[in-house]
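> The structure under discussion is supplied below as structure tokens; questions concerning it will follow.
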Amino acid sequence: MTNTSVLGKSVPRPDALDKVTGGKEYPVNVVLPGMLHAKLLRSPYPHARIISIDASAAEKLPGVKAVLLPKDVPQLKYCPVYFVPTLAPSMVQDMLIMSDTVRYAGQPVAAVAATSARIAEQALELIEVEYEELPAVFDTDTAMADGALQIHEGAENNVAVNPVVTFGDVEAGFEKADHIFEGTYQTQRVHTCYMEPRVCVVDSDTGGKLTVHSSMQHLFGLREKLAFVLDMPESKVRVIKPAYIGGGFGGKLDIGYIEPVAALLSLRTGKPVRIEQTRYEDFITTTRNPIKVYLKTGITKEGKFVARYAESTLDCGAHATHGAEVINVHGMFGILLTYPCADQYWEGKTVYTNNMIGGGFRGYGSPQGAFAVESQIDEICEELGFDPVEFRLNNSYKEGEPHPFNPQAKLDSYRFQDCLQQAAERIGWSSRTPVASDPGVKKRGIGLGCQPIWVSGCVGFPDIYEHSGAIVKLNRDGTADLSTAAIDLGSGQITTLCMIAAEELGLAADQVRMTYADTDTVPFDAPSHASRVTYSSGNAVKAAAAEAKQRLLEVAGGLLEASPDDLEVRAGMVCVKGSPDSKISVIDVVTRAEAPYVVMTEEGPQPTNLAEKGTIIGLSSMAPPANPSPASVEFVEVEVDTETGQVAILRVVFAHDLGKLIHPAGAEGQVEGGFQQGMGFALMENIAFDPDSGACLSSDFLDYKMPTAVEMPPKIESIFIESNEPTGPFGAKSLSEPCVTVPAPAIANAIYNAVGVRVRDLPITPEKILAGLGKL
């Protein structure tokens, strides 16, 4: 592994002070002169046809500048997902900015721009809409039944996509099995709970070009989708990169209604238009899709997987959005590729209902699959008497084996077994007590969950963008400016990328800063998603820094009368290798490169060297070389009160194979934040709906329970297993998403170990535990 001087240190985040003193760079704080405020009128019905809309009274209200109705917007069907081409064959184009048909409660049907948000809200109350209510369906089984009302034309039995993947001969595999296990596992609809709401400000100039500020996860995806839905050239849309956003977690990976509506209102009024969603509007904008998994698994008497049959049904709500891709990631990385098994069959169905639409969420289908697979593994071990750790070790992939997702590649850096063994030792697995054997009312238990195979980006995924770019420029004060389209979601992407650039340039971490970027000035980068930024964007940043460094060494070589190949950069100095006294500062080299060709000296004008002149800069635009797999294991100790059903998390041990550890504090933050989200998914989070109207009943964080500091465990221990990923920047690969995938199965398995209650439908509430104990 490379010896480094910057990497592996918990340097301060460069944006930390700005955030804690007000966060003026958050998109929610963007204010432009003459800015109007817009609000959306939303349907109260889950399924209806609009007969008429009368907005005349709203248009006459003082302060109202424009009203937008379905007849005023382009009627181009599109897929809103940022990371695929708009008309990608693998996705479903079924959305409109506004439509005469309403398919879920909360769908926008009109918009108003006014001089204040209050006036815009008043104007919405003056708009009269006549609806023809239509029958609605809220569960996937009813939606798929013969004769069910068709929500979208052309989707037979309301199935938007229906992927099937087979390996080997599953029937022959089950014939080899000594034991067969079956189970159905259900997950719920949960919200991403980012702190900064979806918000945008869109301005238009006299030539019709749009400038967009938005809290989103992909600069170029927003440009592409907005240009498409407005039927204008992409060159007419400029998206400004925010310095950071207040969280995303996958929930801002698609174009919302607000950007197209704000753009149309700006074009109509000639003014910048701002739309900020309320927390209720955020709740009905994006969620993790609920998935029901039927899992049938064949096991030999020696404890080896020989067959797996699975069916997954995903409720995508009124539009497919991410559901067409989530179901595939779920099937592959949540079920089929988790552990080696030669004979497998999986079928997925993404099903339309009149529920709210789903979206991206950290893990992208894998948490739902892991809950099913990891729960059933523990059920198998309990029934057959296998140790759950040993069972997983005996069924795992090994370093050097072909990569299960891309067999042409190998698992060159893969330490799943090390993760499992080290975490088991740290939690004290060998001392774990038998099921429900702890005396007393409050019983303790230990469980585990694993993500054996994951990604470092999207190389190999059909129709998904996966390339990155960066610009690195050296300054005369010895610092460097880094500019990329990678978005910082709040999890430290700025810090990590600046550290990679600093390491390559031989500078201190605080000598590299992330600078301004927009879609007109920087190369394309795929979104901040899919655990890709450190690996994919990091490789591009390292390449741009290397190009800048090479130019630095060329100029320095002329000054030191040495070959660039004989030079190195350390601590801001360019040195001749093996001759530490022969050196020159980066400041002096850059100053010389940008100095006039002829300089005035005591002896008079003196020419320098034209070949050394010019800004020292590096540019990259590239696809990452591979898609290496990290691995994660988490052990959780719980205490269950058998009188109340309450679950307390006492201790967490998380082990992860991440290649080179770049920023330890940032990595620990990923683990802790991921556990908070995974704990909520396991125990409490659940968006509530009115069973008759389909209306969302979770309007804010008072109505929607998620873990706070009170519920979080007192101790979360992170074990980072370092290896050298040969294709990664300084040996690094990914971390983020497995942190949220593994907590739910680990908690479920720990609860079973504590009290002997197996809950197969999330969340695991006190009522379900008490029912399992026979007390309800």
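Ligands are numbered from 1 in the order shown, residues from 1 within each chain, and chains are lettered A, B, ... in the order they appear in the structure tokens.
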Need the shell around Leu489 of chain A: protein/DNA/RNA residues with any atom at most 6 Å away, counting only C-alpha atoms. Skip same-chain ones fewer than 5 positions apart. Format as a list in words?

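The contact residues come out as Ile245, Gly247 and Gly248 of chain A.
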
> Find the spatial neighbours of Glu643 of chain A, counting only C-alpha atoms, within a cut-off of 8 Å - ignore same-chain residues fewer than 2 positions away - and output them as a list in words.

Val441, Asp641, Gly645 and Leu770 of chain A

> Would you mind writing down, as a ChimeraX atom specification, each residue of segment 574-674 of chain A that DSSP on the backbone assigns to helix (DSSP H, G or I)?

/A:586-594,610-612,664-674

> Taking all heavy atoms for each residue, export the selection above as a compact mmCIF listing (two decimals), in the first residue's frame.


```
# COMPACT_ATOMS: atom_id res chain seq x y z
N VAL A 586 6.95 25.04 -4.29
CA VAL A 586 5.84 25.07 -5.26
C VAL A 586 5.46 26.51 -5.55
O VAL A 586 5.17 26.87 -6.70
CB VAL A 586 4.63 24.28 -4.71
CG1 VAL A 586 3.41 24.48 -5.60
CG2 VAL A 586 4.97 22.80 -4.61
N ILE A 587 5.49 27.35 -4.54
CA ILE A 587 5.17 28.77 -4.74
C ILE A 587 6.08 29.38 -5.79
O ILE A 587 5.62 30.07 -6.73
CB ILE A 587 5.30 29.54 -3.40
CG1 ILE A 587 4.21 29.09 -2.43
CG2 ILE A 587 5.23 31.04 -3.63
CD1 ILE A 587 4.33 29.70 -1.04
N ASP A 588 7.37 29.12 -5.68
CA ASP A 588 8.32 29.72 -6.63
C ASP A 588 8.13 29.16 -8.04
O ASP A 588 8.28 29.90 -9.03
CB ASP A 588 9.75 29.48 -6.15
CG ASP A 588 10.11 30.31 -4.94
OD1 ASP A 588 9.40 31.31 -4.67
OD2 ASP A 588 11.09 29.97 -4.23
N VAL A 589 7.82 27.88 -8.14
CA VAL A 589 7.63 27.28 -9.46
C VAL A 589 6.40 27.88 -10.14
O VAL A 589 6.44 28.26 -11.31
CB VAL A 589 7.51 25.75 -9.36
CG1 VAL A 589 7.24 25.16 -10.75
CG2 VAL A 589 8.77 25.14 -8.77
N VAL A 590 5.28 27.94 -9.43
CA VAL A 590 4.05 28.47 -10.03
C VAL A 590 4.21 29.95 -10.35
O VAL A 590 3.76 30.42 -11.40
CB VAL A 590 2.86 28.24 -9.08
CG1 VAL A 590 1.59 28.85 -9.66
CG2 VAL A 590 2.66 26.75 -8.82
N THR A 591 4.86 30.69 -9.45
CA THR A 591 5.10 32.11 -9.71
C THR A 591 5.93 32.30 -10.97
O THR A 591 5.64 33.18 -11.80
CB THR A 591 5.82 32.75 -8.51
OG1 THR A 591 4.99 32.61 -7.34
CG2 THR A 591 6.08 34.23 -8.77
N ARG A 592 6.94 31.46 -11.14
CA ARG A 592 7.77 31.55 -12.34
C ARG A 592 6.96 31.21 -13.59
O ARG A 592 7.08 31.87 -14.63
CB ARG A 592 8.95 30.60 -12.21
CG ARG A 592 9.90 30.56 -13.42
CD ARG A 592 10.59 31.89 -13.67
NE ARG A 592 11.55 31.79 -14.78
CZ ARG A 592 12.86 31.72 -14.63
NH1 ARG A 592 13.37 31.77 -13.40
NH2 ARG A 592 13.65 31.61 -15.67
N ALA A 593 6.09 30.21 -13.51
CA ALA A 593 5.30 29.82 -14.68
C ALA A 593 4.34 30.92 -15.11
O ALA A 593 4.05 31.06 -16.30
CB ALA A 593 4.52 28.54 -14.36
N GLU A 594 3.88 31.72 -14.15
CA GLU A 594 2.89 32.76 -14.47
C GLU A 594 3.53 34.14 -14.59
O GLU A 594 2.83 35.14 -14.78
CB GLU A 594 1.78 32.76 -13.43
CG GLU A 594 0.98 31.46 -13.41
CD GLU A 594 -0.29 31.55 -12.58
OE1 GLU A 594 -0.53 32.60 -11.97
OE2 GLU A 594 -1.04 30.56 -12.58
N LEU A 610 10.00 30.59 -22.62
CA LEU A 610 8.61 30.52 -23.06
C LEU A 610 7.97 29.17 -22.76
O LEU A 610 6.78 29.07 -22.50
CB LEU A 610 8.52 30.82 -24.56
CG LEU A 610 8.64 32.29 -24.98
CD1 LEU A 610 8.65 32.40 -26.49
CD2 LEU A 610 7.49 33.10 -24.39
N ALA A 611 8.78 28.10 -22.77
CA ALA A 611 8.23 26.76 -22.57
C ALA A 611 7.68 26.55 -21.17
O ALA A 611 6.86 25.66 -20.94
CB ALA A 611 9.30 25.71 -22.87
N GLU A 612 8.13 27.38 -20.23
CA GLU A 612 7.68 27.20 -18.85
C GLU A 612 6.43 28.02 -18.54
O GLU A 612 5.88 27.92 -17.43
CB GLU A 612 8.79 27.60 -17.87
CG GLU A 612 9.06 29.10 -17.83
CD GLU A 612 10.31 29.48 -17.06
OE1 GLU A 612 11.17 28.59 -16.85
OE2 GLU A 612 10.44 30.66 -16.70
N PRO A 664 -10.61 8.99 8.36
CA PRO A 664 -11.21 8.17 9.42
C PRO A 664 -12.46 8.78 10.05
O PRO A 664 -13.46 8.08 10.25
CB PRO A 664 -10.07 8.03 10.44
CG PRO A 664 -8.82 8.19 9.64
CD PRO A 664 -9.15 9.18 8.58
N ALA A 665 -12.44 10.06 10.38
CA ALA A 665 -13.61 10.67 11.02
C ALA A 665 -14.81 10.65 10.09
O ALA A 665 -15.95 10.41 10.51
CB ALA A 665 -13.29 12.10 11.45
N GLY A 666 -14.57 10.88 8.80
CA GLY A 666 -15.66 10.82 7.83
C GLY A 666 -16.22 9.42 7.70
O GLY A 666 -17.43 9.23 7.59
N ALA A 667 -15.33 8.44 7.71
CA ALA A 667 -15.78 7.04 7.61
C ALA A 667 -16.62 6.66 8.83
O ALA A 667 -17.66 6.00 8.71
CB ALA A 667 -14.58 6.12 7.47
N GLU A 668 -16.17 7.07 10.01
CA GLU A 668 -16.95 6.77 11.23
C GLU A 668 -18.31 7.46 11.18
O GLU A 668 -19.32 6.90 11.63
CB GLU A 668 -16.16 7.22 12.45
CG GLU A 668 -14.93 6.36 12.73
CD GLU A 668 -14.04 6.94 13.80
OE1 GLU A 668 -14.37 8.03 14.33
OE2 GLU A 668 -13.00 6.32 14.11
N GLY A 669 -18.35 8.67 10.63
CA GLY A 669 -19.63 9.35 10.48
C GLY A 669 -20.57 8.61 9.57
O GLY A 669 -21.79 8.55 9.81
N GLN A 670 -20.04 8.02 8.49
CA GLN A 670 -20.87 7.21 7.60
C GLN A 670 -21.47 6.03 8.35
O GLN A 670 -22.66 5.71 8.20
CB GLN A 670 -20.04 6.70 6.43
CG GLN A 670 -19.63 7.76 5.43
CD GLN A 670 -20.70 7.99 4.38
OE1 GLN A 670 -21.88 7.74 4.60
NE2 GLN A 670 -20.29 8.48 3.23
N VAL A 671 -20.66 5.36 9.14
CA VAL A 671 -21.12 4.20 9.90
C VAL A 671 -22.22 4.60 10.89
O VAL A 671 -23.28 3.95 10.97
CB VAL A 671 -19.95 3.53 10.64
CG1 VAL A 671 -20.45 2.42 11.56
CG2 VAL A 671 -18.94 2.97 9.64
N GLU A 672 -21.98 5.67 11.63
CA GLU A 672 -22.94 6.08 12.65
C GLU A 672 -24.25 6.57 12.04
O GLU A 672 -25.34 6.23 12.50
CB GLU A 672 -22.30 7.15 13.54
CG GLU A 672 -21.16 6.60 14.39
CD GLU A 672 -20.22 7.67 14.92
OE1 GLU A 672 -20.54 8.87 14.75
OE2 GLU A 672 -19.18 7.31 15.49
N GLY A 673 -24.14 7.38 10.98
CA GLY A 673 -25.35 7.83 10.30
C GLY A 673 -26.11 6.69 9.65
O GLY A 673 -27.34 6.65 9.67
N GLY A 674 -25.35 5.75 9.06
CA GLY A 674 -26.00 4.60 8.44
C GLY A 674 -26.73 3.75 9.46
O GLY A 674 -27.83 3.25 9.20
```

> Please identify all polymer residues within 10 Å of Ala480 of chain A, counting only C-alpha atoms, omitting same-chain residues fewer than 5 positions from it, and present them as a ChimeraX atom specification.

/A:472-475,498,501-502,505,507,510-515,545,548,616-617

> Keeping all heavy atoms, export the residues of the selection given above as a compact mmCIF listing (two decimals), in the first residue's frame.


```txt
# COMPACT_ATOMS: atom_id res chain seq x y z
N VAL A 472 -7.85 20.65 -11.76
CA VAL A 472 -6.98 21.05 -10.65
C VAL A 472 -6.05 22.16 -11.15
O VAL A 472 -5.38 22.00 -12.17
CB VAL A 472 -6.15 19.86 -10.12
CG1 VAL A 472 -5.13 20.34 -9.10
CG2 VAL A 472 -7.06 18.81 -9.51
N LYS A 473 -6.03 23.28 -10.43
CA LYS A 473 -5.21 24.43 -10.81
C LYS A 473 -4.35 24.86 -9.63
O LYS A 473 -4.85 25.04 -8.52
CB LYS A 473 -6.09 25.59 -11.25
CG LYS A 473 -5.34 26.85 -11.63
CD LYS A 473 -6.29 27.91 -12.16
CE LYS A 473 -7.14 28.52 -11.06
NZ LYS A 473 -6.33 29.41 -10.18
N LEU A 474 -3.05 25.01 -9.87
CA LEU A 474 -2.14 25.47 -8.83
C LEU A 474 -2.06 27.00 -8.82
O LEU A 474 -2.05 27.63 -9.89
CB LEU A 474 -0.75 24.88 -9.05
CG LEU A 474 -0.65 23.36 -8.79
CD1 LEU A 474 0.72 22.84 -9.21
CD2 LEU A 474 -0.89 23.06 -7.33
N ASN A 475 -2.00 27.56 -7.62
CA ASN A 475 -1.97 29.01 -7.45
C ASN A 475 -0.60 29.48 -6.99
O ASN A 475 0.20 28.71 -6.45
CB ASN A 475 -3.03 29.43 -6.43
CG ASN A 475 -4.42 29.00 -6.83
OD1 ASN A 475 -4.84 29.23 -7.96
ND2 ASN A 475 -5.13 28.35 -5.91
N CYS A 498 -10.58 16.57 -1.74
CA CYS A 498 -9.47 17.49 -1.53
C CYS A 498 -8.25 16.77 -0.97
O CYS A 498 -7.11 17.08 -1.32
CB CYS A 498 -9.90 18.64 -0.60
SG CYS A 498 -10.97 19.87 -1.37
N ALA A 501 -6.52 14.94 -3.84
CA ALA A 501 -5.75 15.88 -4.65
C ALA A 501 -4.48 16.33 -3.93
O ALA A 501 -3.40 16.41 -4.52
CB ALA A 501 -6.61 17.10 -5.00
N ALA A 502 -4.61 16.62 -2.63
CA ALA A 502 -3.46 17.07 -1.86
C ALA A 502 -2.37 16.01 -1.82
O ALA A 502 -1.18 16.31 -1.95
CB ALA A 502 -3.90 17.43 -0.44
N LEU A 505 -0.56 15.89 -5.10
CA LEU A 505 0.21 17.10 -5.37
C LEU A 505 1.35 17.31 -4.38
O LEU A 505 2.20 18.19 -4.58
CB LEU A 505 -0.70 18.32 -5.34
CG LEU A 505 -1.74 18.43 -6.45
CD1 LEU A 505 -2.75 19.52 -6.13
CD2 LEU A 505 -1.07 18.69 -7.80
N LEU A 507 0.86 18.34 -1.22
CA LEU A 507 0.49 19.50 -0.43
C LEU A 507 -0.21 19.05 0.85
O LEU A 507 -0.62 17.90 0.98
CB LEU A 507 -0.45 20.42 -1.22
CG LEU A 507 0.07 20.97 -2.55
CD1 LEU A 507 -1.01 21.79 -3.24
CD2 LEU A 507 1.33 21.81 -2.33
N ASP A 510 -5.14 21.24 3.88
CA ASP A 510 -5.80 22.55 3.89
C ASP A 510 -5.27 23.47 2.80
O ASP A 510 -5.70 24.63 2.70
CB ASP A 510 -5.67 23.21 5.26
CG ASP A 510 -4.22 23.46 5.66
OD1 ASP A 510 -3.30 23.13 4.88
OD2 ASP A 510 -4.00 23.99 6.78
N GLN A 511 -4.37 22.98 1.96
CA GLN A 511 -3.89 23.77 0.84
C GLN A 511 -4.65 23.50 -0.45
O GLN A 511 -4.33 24.07 -1.50
CB GLN A 511 -2.39 23.51 0.62
CG GLN A 511 -1.50 24.07 1.72
CD GLN A 511 -0.04 23.80 1.47
OE1 GLN A 511 0.40 22.64 1.48
NE2 GLN A 511 0.73 24.85 1.24
N VAL A 512 -5.65 22.63 -0.39
CA VAL A 512 -6.51 22.36 -1.55
C VAL A 512 -7.92 22.76 -1.18
O VAL A 512 -8.44 22.39 -0.13
CB VAL A 512 -6.47 20.87 -1.95
CG1 VAL A 512 -7.40 20.62 -3.14
CG2 VAL A 512 -5.05 20.44 -2.30
N ARG A 513 -8.57 23.51 -2.02
CA ARG A 513 -9.94 23.93 -1.75
C ARG A 513 -10.84 23.58 -2.94
O ARG A 513 -10.40 23.59 -4.09
CB ARG A 513 -10.00 25.44 -1.49
CG ARG A 513 -9.60 26.29 -2.67
CD ARG A 513 -9.80 27.77 -2.42
NE ARG A 513 -9.46 28.54 -3.61
CZ ARG A 513 -9.65 29.85 -3.74
NH1 ARG A 513 -10.18 30.53 -2.74
NH2 ARG A 513 -9.32 30.48 -4.86
N MET A 514 -12.07 23.26 -2.63
CA MET A 514 -13.08 23.01 -3.66
C MET A 514 -13.65 24.35 -4.09
O MET A 514 -14.05 25.17 -3.25
CB MET A 514 -14.18 22.11 -3.13
CG MET A 514 -15.18 21.65 -4.17
SD MET A 514 -14.52 20.43 -5.33
CE MET A 514 -14.42 18.96 -4.31
N THR A 515 -13.69 24.60 -5.39
CA THR A 515 -14.11 25.90 -5.89
C THR A 515 -15.38 25.80 -6.72
O THR A 515 -15.94 24.72 -6.94
CB THR A 515 -12.99 26.54 -6.74
OG1 THR A 515 -12.66 25.66 -7.82
CG2 THR A 515 -11.75 26.77 -5.90
N ALA A 545 -5.00 15.86 -10.77
CA ALA A 545 -3.89 16.33 -9.94
C ALA A 545 -2.56 15.83 -10.48
O ALA A 545 -1.54 16.54 -10.44
CB ALA A 545 -4.09 15.89 -8.50
N ALA A 548 -1.56 18.00 -13.38
CA ALA A 548 -1.04 19.28 -12.89
C ALA A 548 0.35 19.10 -12.29
O ALA A 548 1.25 19.94 -12.50
CB ALA A 548 -2.00 19.87 -11.86
N ILE A 616 -0.45 26.37 -14.35
CA ILE A 616 -0.20 24.94 -14.10
C ILE A 616 -1.54 24.32 -13.72
O ILE A 616 -2.09 24.58 -12.65
CB ILE A 616 0.85 24.75 -13.00
CG1 ILE A 616 2.20 25.30 -13.50
CG2 ILE A 616 0.97 23.28 -12.62
CD1 ILE A 616 3.34 25.16 -12.51
N ILE A 617 -2.05 23.51 -14.61
CA ILE A 617 -3.42 23.02 -14.49
C ILE A 617 -3.49 21.58 -14.99
O ILE A 617 -2.70 21.17 -15.85
CB ILE A 617 -4.38 23.94 -15.30
CG1 ILE A 617 -5.84 23.68 -14.94
CG2 ILE A 617 -4.14 23.82 -16.79
CD1 ILE A 617 -6.78 24.75 -15.49
```

> Neighbours of Ala744 of chain A within 8 Å (only C-alpha atoms; same-chain residues fewer than 2 positions away dropped), as a list of chain:residue names?

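Contacts, in chain order: A:Pro367, A:Phe371, A:Gly449, A:Gly678, A:Met679, A:Phe681, A:Ala682, A:Thr741, A:Val742, A:Ala746, A:Ile747, A:Ala748.
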
> Those same residues, written as a PDB file, in the first residue's frame with all heavy atoms?


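Contents of again.pdb, freshly written:
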```
ATOM      1  N   PRO A 367     -31.214  -3.026   1.156  1.00  0.00           N
ATOM      2  CA  PRO A 367     -31.684  -3.253   2.529  1.00  0.00           C
ATOM      3  C   PRO A 367     -32.880  -4.185   2.614  1.00  0.00           C
ATOM      4  O   PRO A 367     -32.982  -5.006   3.534  1.00  0.00           O
ATOM      5  CB  PRO A 367     -32.035  -1.835   3.012  1.00  0.00           C
ATOM      6  CG  PRO A 367     -31.159  -0.935   2.219  1.00  0.00           C
ATOM      7  CD  PRO A 367     -31.097  -1.579   0.863  1.00  0.00           C
ATOM      8  N   PHE A 371     -32.582  -7.844   4.552  1.00  0.00           N
ATOM      9  CA  PHE A 371     -33.463  -8.224   5.652  1.00  0.00           C
ATOM     10  C   PHE A 371     -34.001  -9.634   5.451  1.00  0.00           C
ATOM     11  O   PHE A 371     -34.042 -10.445   6.392  1.00  0.00           O
ATOM     12  CB  PHE A 371     -34.612  -7.226   5.771  1.00  0.00           C
ATOM     13  CG  PHE A 371     -35.662  -7.629   6.764  1.00  0.00           C
ATOM     14  CD1 PHE A 371     -35.364  -7.744   8.117  1.00  0.00           C
ATOM     15  CD2 PHE A 371     -36.955  -7.928   6.348  1.00  0.00           C
ATOM     16  CE1 PHE A 371     -36.333  -8.128   9.035  1.00  0.00           C
ATOM     17  CE2 PHE A 371     -37.927  -8.314   7.250  1.00  0.00           C
ATOM     18  CZ  PHE A 371     -37.616  -8.422   8.596  1.00  0.00           C
ATOM     19  N   GLY A 449     -25.741  -9.057  10.748  1.00  0.00           N
ATOM     20  CA  GLY A 449     -26.217  -8.915   9.377  1.00  0.00           C
ATOM     21  C   GLY A 449     -25.032  -8.587   8.491  1.00  0.00           C
ATOM     22  O   GLY A 449     -24.068  -7.952   8.926  1.00  0.00           O
ATOM     23  N   GLY A 678     -30.613   2.734   9.503  1.00  0.00           N
ATOM     24  CA  GLY A 678     -30.967   1.317   9.525  1.00  0.00           C
ATOM     25  C   GLY A 678     -31.744   0.932  10.759  1.00  0.00           C
ATOM     26  O   GLY A 678     -32.643   0.083  10.707  1.00  0.00           O
ATOM     27  N   MET A 679     -31.431   1.542  11.898  1.00  0.00           N
ATOM     28  CA  MET A 679     -32.170   1.287  13.133  1.00  0.00           C
ATOM     29  C   MET A 679     -33.614   1.769  12.997  1.00  0.00           C
ATOM     30  O   MET A 679     -34.559   1.086  13.411  1.00  0.00           O
ATOM     31  CB  MET A 679     -31.473   1.994  14.292  1.00  0.00           C
ATOM     32  CG  MET A 679     -32.196   1.911  15.627  1.00  0.00           C
ATOM     33  SD  MET A 679     -31.324   2.885  16.876  1.00  0.00           S
ATOM     34  CE  MET A 679     -32.489   2.799  18.227  1.00  0.00           C
ATOM     35  N   PHE A 681     -35.303   2.060  10.221  1.00  0.00           N
ATOM     36  CA  PHE A 681     -35.927   1.121   9.287  1.00  0.00           C
ATOM     37  C   PHE A 681     -36.347  -0.152  10.012  1.00  0.00           C
ATOM     38  O   PHE A 681     -37.426  -0.710   9.764  1.00  0.00           O
ATOM     39  CB  PHE A 681     -34.915   0.810   8.183  1.00  0.00           C
ATOM     40  CG  PHE A 681     -35.404  -0.068   7.066  1.00  0.00           C
ATOM     41  CD1 PHE A 681     -36.598   0.180   6.406  1.00  0.00           C
ATOM     42  CD2 PHE A 681     -34.630  -1.135   6.642  1.00  0.00           C
ATOM     43  CE1 PHE A 681     -37.013  -0.623   5.355  1.00  0.00           C
ATOM     44  CE2 PHE A 681     -35.036  -1.947   5.594  1.00  0.00           C
ATOM     45  CZ  PHE A 681     -36.232  -1.686   4.950  1.00  0.00           C
ATOM     46  N   ALA A 682     -35.514  -0.608  10.936  1.00  0.00           N
ATOM     47  CA  ALA A 682     -35.781  -1.868  11.635  1.00  0.00           C
ATOM     48  C   ALA A 682     -36.878  -1.745  12.678  1.00  0.00           C
ATOM     49  O   ALA A 682     -37.709  -2.655  12.816  1.00  0.00           O
ATOM     50  CB  ALA A 682     -34.504  -2.379  12.290  1.00  0.00           C
ATOM     51  N   THR A 741     -27.502  -0.846   5.126  1.00  0.00           N
ATOM     52  CA  THR A 741     -28.108  -2.121   4.717  1.00  0.00           C
ATOM     53  C   THR A 741     -28.129  -3.138   5.842  1.00  0.00           C
ATOM     54  O   THR A 741     -29.116  -3.864   6.030  1.00  0.00           O
ATOM     55  CB  THR A 741     -27.339  -2.701   3.510  1.00  0.00           C
ATOM     56  OG1 THR A 741     -27.474  -1.806   2.401  1.00  0.00           O
ATOM     57  CG2 THR A 741     -27.866  -4.071   3.129  1.00  0.00           C
ATOM     58  N   VAL A 742     -27.044  -3.212   6.621  1.00  0.00           N
ATOM     59  CA  VAL A 742     -26.891  -4.321   7.564  1.00  0.00           C
ATOM     60  C   VAL A 742     -27.595  -4.164   8.916  1.00  0.00           C
ATOM     61  O   VAL A 742     -27.836  -5.175   9.593  1.00  0.00           O
ATOM     62  CB  VAL A 742     -25.399  -4.632   7.793  1.00  0.00           C
ATOM     63  CG1 VAL A 742     -24.796  -5.226   6.527  1.00  0.00           C
ATOM     64  CG2 VAL A 742     -24.616  -3.376   8.201  1.00  0.00           C
ATOM     65  N   ALA A 746     -29.444  -7.373  11.361  1.00  0.00           N
ATOM     66  CA  ALA A 746     -28.696  -7.611  12.603  1.00  0.00           C
ATOM     67  C   ALA A 746     -29.590  -7.408  13.818  1.00  0.00           C
ATOM     68  O   ALA A 746     -29.562  -8.193  14.776  1.00  0.00           O
ATOM     69  CB  ALA A 746     -27.489  -6.678  12.668  1.00  0.00           C
ATOM     70  N   ILE A 747     -30.411  -6.364  13.791  1.00  0.00           N
ATOM     71  CA  ILE A 747     -31.330  -6.095  14.905  1.00  0.00           C
ATOM     72  C   ILE A 747     -32.399  -7.176  14.991  1.00  0.00           C
ATOM     73  O   ILE A 747     -32.726  -7.668  16.081  1.00  0.00           O
ATOM     74  CB  ILE A 747     -31.957  -4.696  14.746  1.00  0.00           C
ATOM     75  CG1 ILE A 747     -30.877  -3.612  14.947  1.00  0.00           C
ATOM     76  CG2 ILE A 747     -33.102  -4.493  15.736  1.00  0.00           C
ATOM     77  CD1 ILE A 747     -31.326  -2.209  14.576  1.00  0.00           C
ATOM     78  N   ALA A 748     -32.963  -7.563  13.857  1.00  0.00           N
ATOM     79  CA  ALA A 748     -33.985  -8.615  13.854  1.00  0.00           C
ATOM     80  C   ALA A 748     -33.437  -9.917  14.431  1.00  0.00           C
ATOM     81  O   ALA A 748     -34.103 -10.602  15.226  1.00  0.00           O
ATOM     82  CB  ALA A 748     -34.506  -8.835  12.434  1.00  0.00           C
TER      83      ALA A 748
END
```

> How close does each residue of segment 344-379 of chain A get to segment 188-200 of chain A, giving the shortest atom pair and distance in Å to one decimal for every residue with an atom at most 10 Å away, counting only C-alpha atoms, sorted by chain and residue number, as JSON lines?


```
{"residue": "A:Met356", "atom": "CA", "partner": "A:Arg189", "partner_atom": "CA", "distance": 9.9}
{"residue": "A:Gly358", "atom": "CA", "partner": "A:Arg189", "partner_atom": "CA", "distance": 8.4}
{"residue": "A:Gly359", "atom": "CA", "partner": "A:Thr192", "partner_atom": "CA", "distance": 9.4}
{"residue": "A:Gly360", "atom": "CA", "partner": "A:Thr192", "partner_atom": "CA", "distance": 8.7}
{"residue": "A:Phe361", "atom": "CA", "partner": "A:Thr192", "partner_atom": "CA", "distance": 6.4}
{"residue": "A:Arg362", "atom": "CA", "partner": "A:Thr192", "partner_atom": "CA", "distance": 8.2}
{"residue": "A:Gln368", "atom": "CA", "partner": "A:Gln188", "partner_atom": "CA", "distance": 9.0}
```

> Based on DSSP run over this structure's backbone, return all residues of segment 77-180 of chain A in strand (DSSP E), as a list in words.

Thr101, Val102, Pro108, Val109, Ala110, Ala111, Val112, Ala113, Ala114, Glu128, Val129, Glu130, Tyr131, Glu132, Glu133, Val159, Ala160, Val161, Val164, Val165, Thr166, Phe167, His179 and Ile180 of chain A

> From the set A:Asp412, A:Glu121, A:Glu561, A:Asp438, which residue has the shortest atom-to-atom contact distance to Ala626 of chain A, counting only C-alpha atoms?

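Checking each candidate against Ala626 of chain A, we get A:Asp412 as the closest.
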